[in-house]
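K.L.:
The structure that follows is given in the form of structure tokens.
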Amino acid sequence: MLWRVVRLILSLAALAVIVTIAVSNRHTVPLILDPISEKPILFIERRLFEYLLVTLIFGVILGGTATWLTQSHWRRSARSRAQEAMRWQAEADRLARDREQAVLATGAATTGTGKTLAVVRR
């Protein structure tokens with residue numbers, strides 16, 4: 001519950017900053033994609049806050065992709081360890097079944113001193 005409140009407060013603060021930037025930067029700005037020529041052919045005229053928002057969105061997507069790609073080693077390692085854990089669990093289950101069948105076949109287990117041990121079943 002506390003996390004939701006903190007996230008809501010941070011979201012509202014970010015929204016306030018974005019709205020402030022959008023309101024204060026309403027004039028159009030040319031983005032010239034052909035800086036060499038005297039009369040640029042390739043240019044886009046948008047409001048400044050649109051450039052800022054597109055840059056922010058592009059940065060978030062690029063950062064998320066870079067993080068995801070750098071974590072591939074850890075995901076692969078976790079996947080192989082999970083498979084190994086499942087193999088060990090299957091082996092332990094098989095050994096427990098074999099032990100239980102062996103105990104049931106003999107009826108009761110005896111120690112080296114001749115005392116009979118009780119069989120405890122799970």
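A note on labels: chains of the structure tokens are A, B, ... as shown, every chain counts residues from 1, and ligands are counted from 1 in their shown order.
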Taking the DSSP assignment computed from this structure's backbone, write out as number ranges by chain all residues of region 26-72 of chain A that belong to helix (DSSP H, G or I).
P.N.:
A: 48-70, 72
K.L.:
Just how far from CA of Val54 (chain A) is CA of Val23 (chain A), in Å to one decimal?
P.N.:
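It comes out at 16.2 Å.
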K.L.:
CA of Glu100 (chain A) and CA of Glu84 (chain A) are how many Å apart?
P.N.:
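Spanning CA of Glu100 (chain A) to CA of Glu84 (chain A) is a straight-line distance of 24.3 Å.
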K.L.:
Nearest to Thr28 (chain A): which of A:Leu48, A:Ala90, A:Ala14, A:Ile41 is it, counting only C-alpha atoms?
P.N.:
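Of the candidates, the smallest distance to Thr28 (chain A) is held by A:Leu48.
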K.L.:
So how many Å separate CA of Leu56 (chain A) and CA of Ser11 (chain A), to one decimal?
P.N.:
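Distance reported for this atom pair: 15.1 Å.
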K.L.:
Quick one: DSSP strand (DSSP E or B) residues in chain A, as an NGL selection string?
P.N.:
:A and (28-32 or 43-47 or 109-110 or 116-117)
K.L.:
Using C-alpha atoms, can you write the selected residues to a file as a short mmCIF file (atom, residue, chain, number, x, y, z; two decimals), in the first residue's frame?
P.N.:
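The resulting file, out01.cif, is reproduced below:
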```
data_model
loop_
_atom_site.label_atom_id
_atom_site.label_comp_id
_atom_site.auth_asym_id
_atom_site.auth_seq_id
_atom_site.Cartn_x
_atom_site.Cartn_y
_atom_site.Cartn_z
CA THR A 28 7.74 26.05 -32.55
CA VAL A 29 11.39 25.20 -33.11
CA PRO A 30 12.84 23.88 -36.36
CA LEU A 31 14.85 20.67 -36.21
CA ILE A 32 17.16 20.84 -39.20
CA PHE A 43 13.59 19.99 -41.39
CA ILE A 44 10.76 19.48 -38.93
CA GLU A 45 8.99 22.24 -37.05
CA ARG A 46 7.42 21.14 -33.78
CA ARG A 47 6.92 22.59 -30.36
CA ALA A 109 14.87 -52.23 8.88
CA THR A 110 17.32 -53.60 11.42
CA THR A 116 14.35 -53.12 14.77
CA LEU A 117 13.81 -49.59 13.57
#
```
K.L.:
Hey, what's within 8 Å of Phe49 (chain A) if we count only C-alpha atoms and toss same-chain stuff fewer than 6 positions away? As an NGL selection string, please?
P.N.:
:A and (21-22 or 25-26)
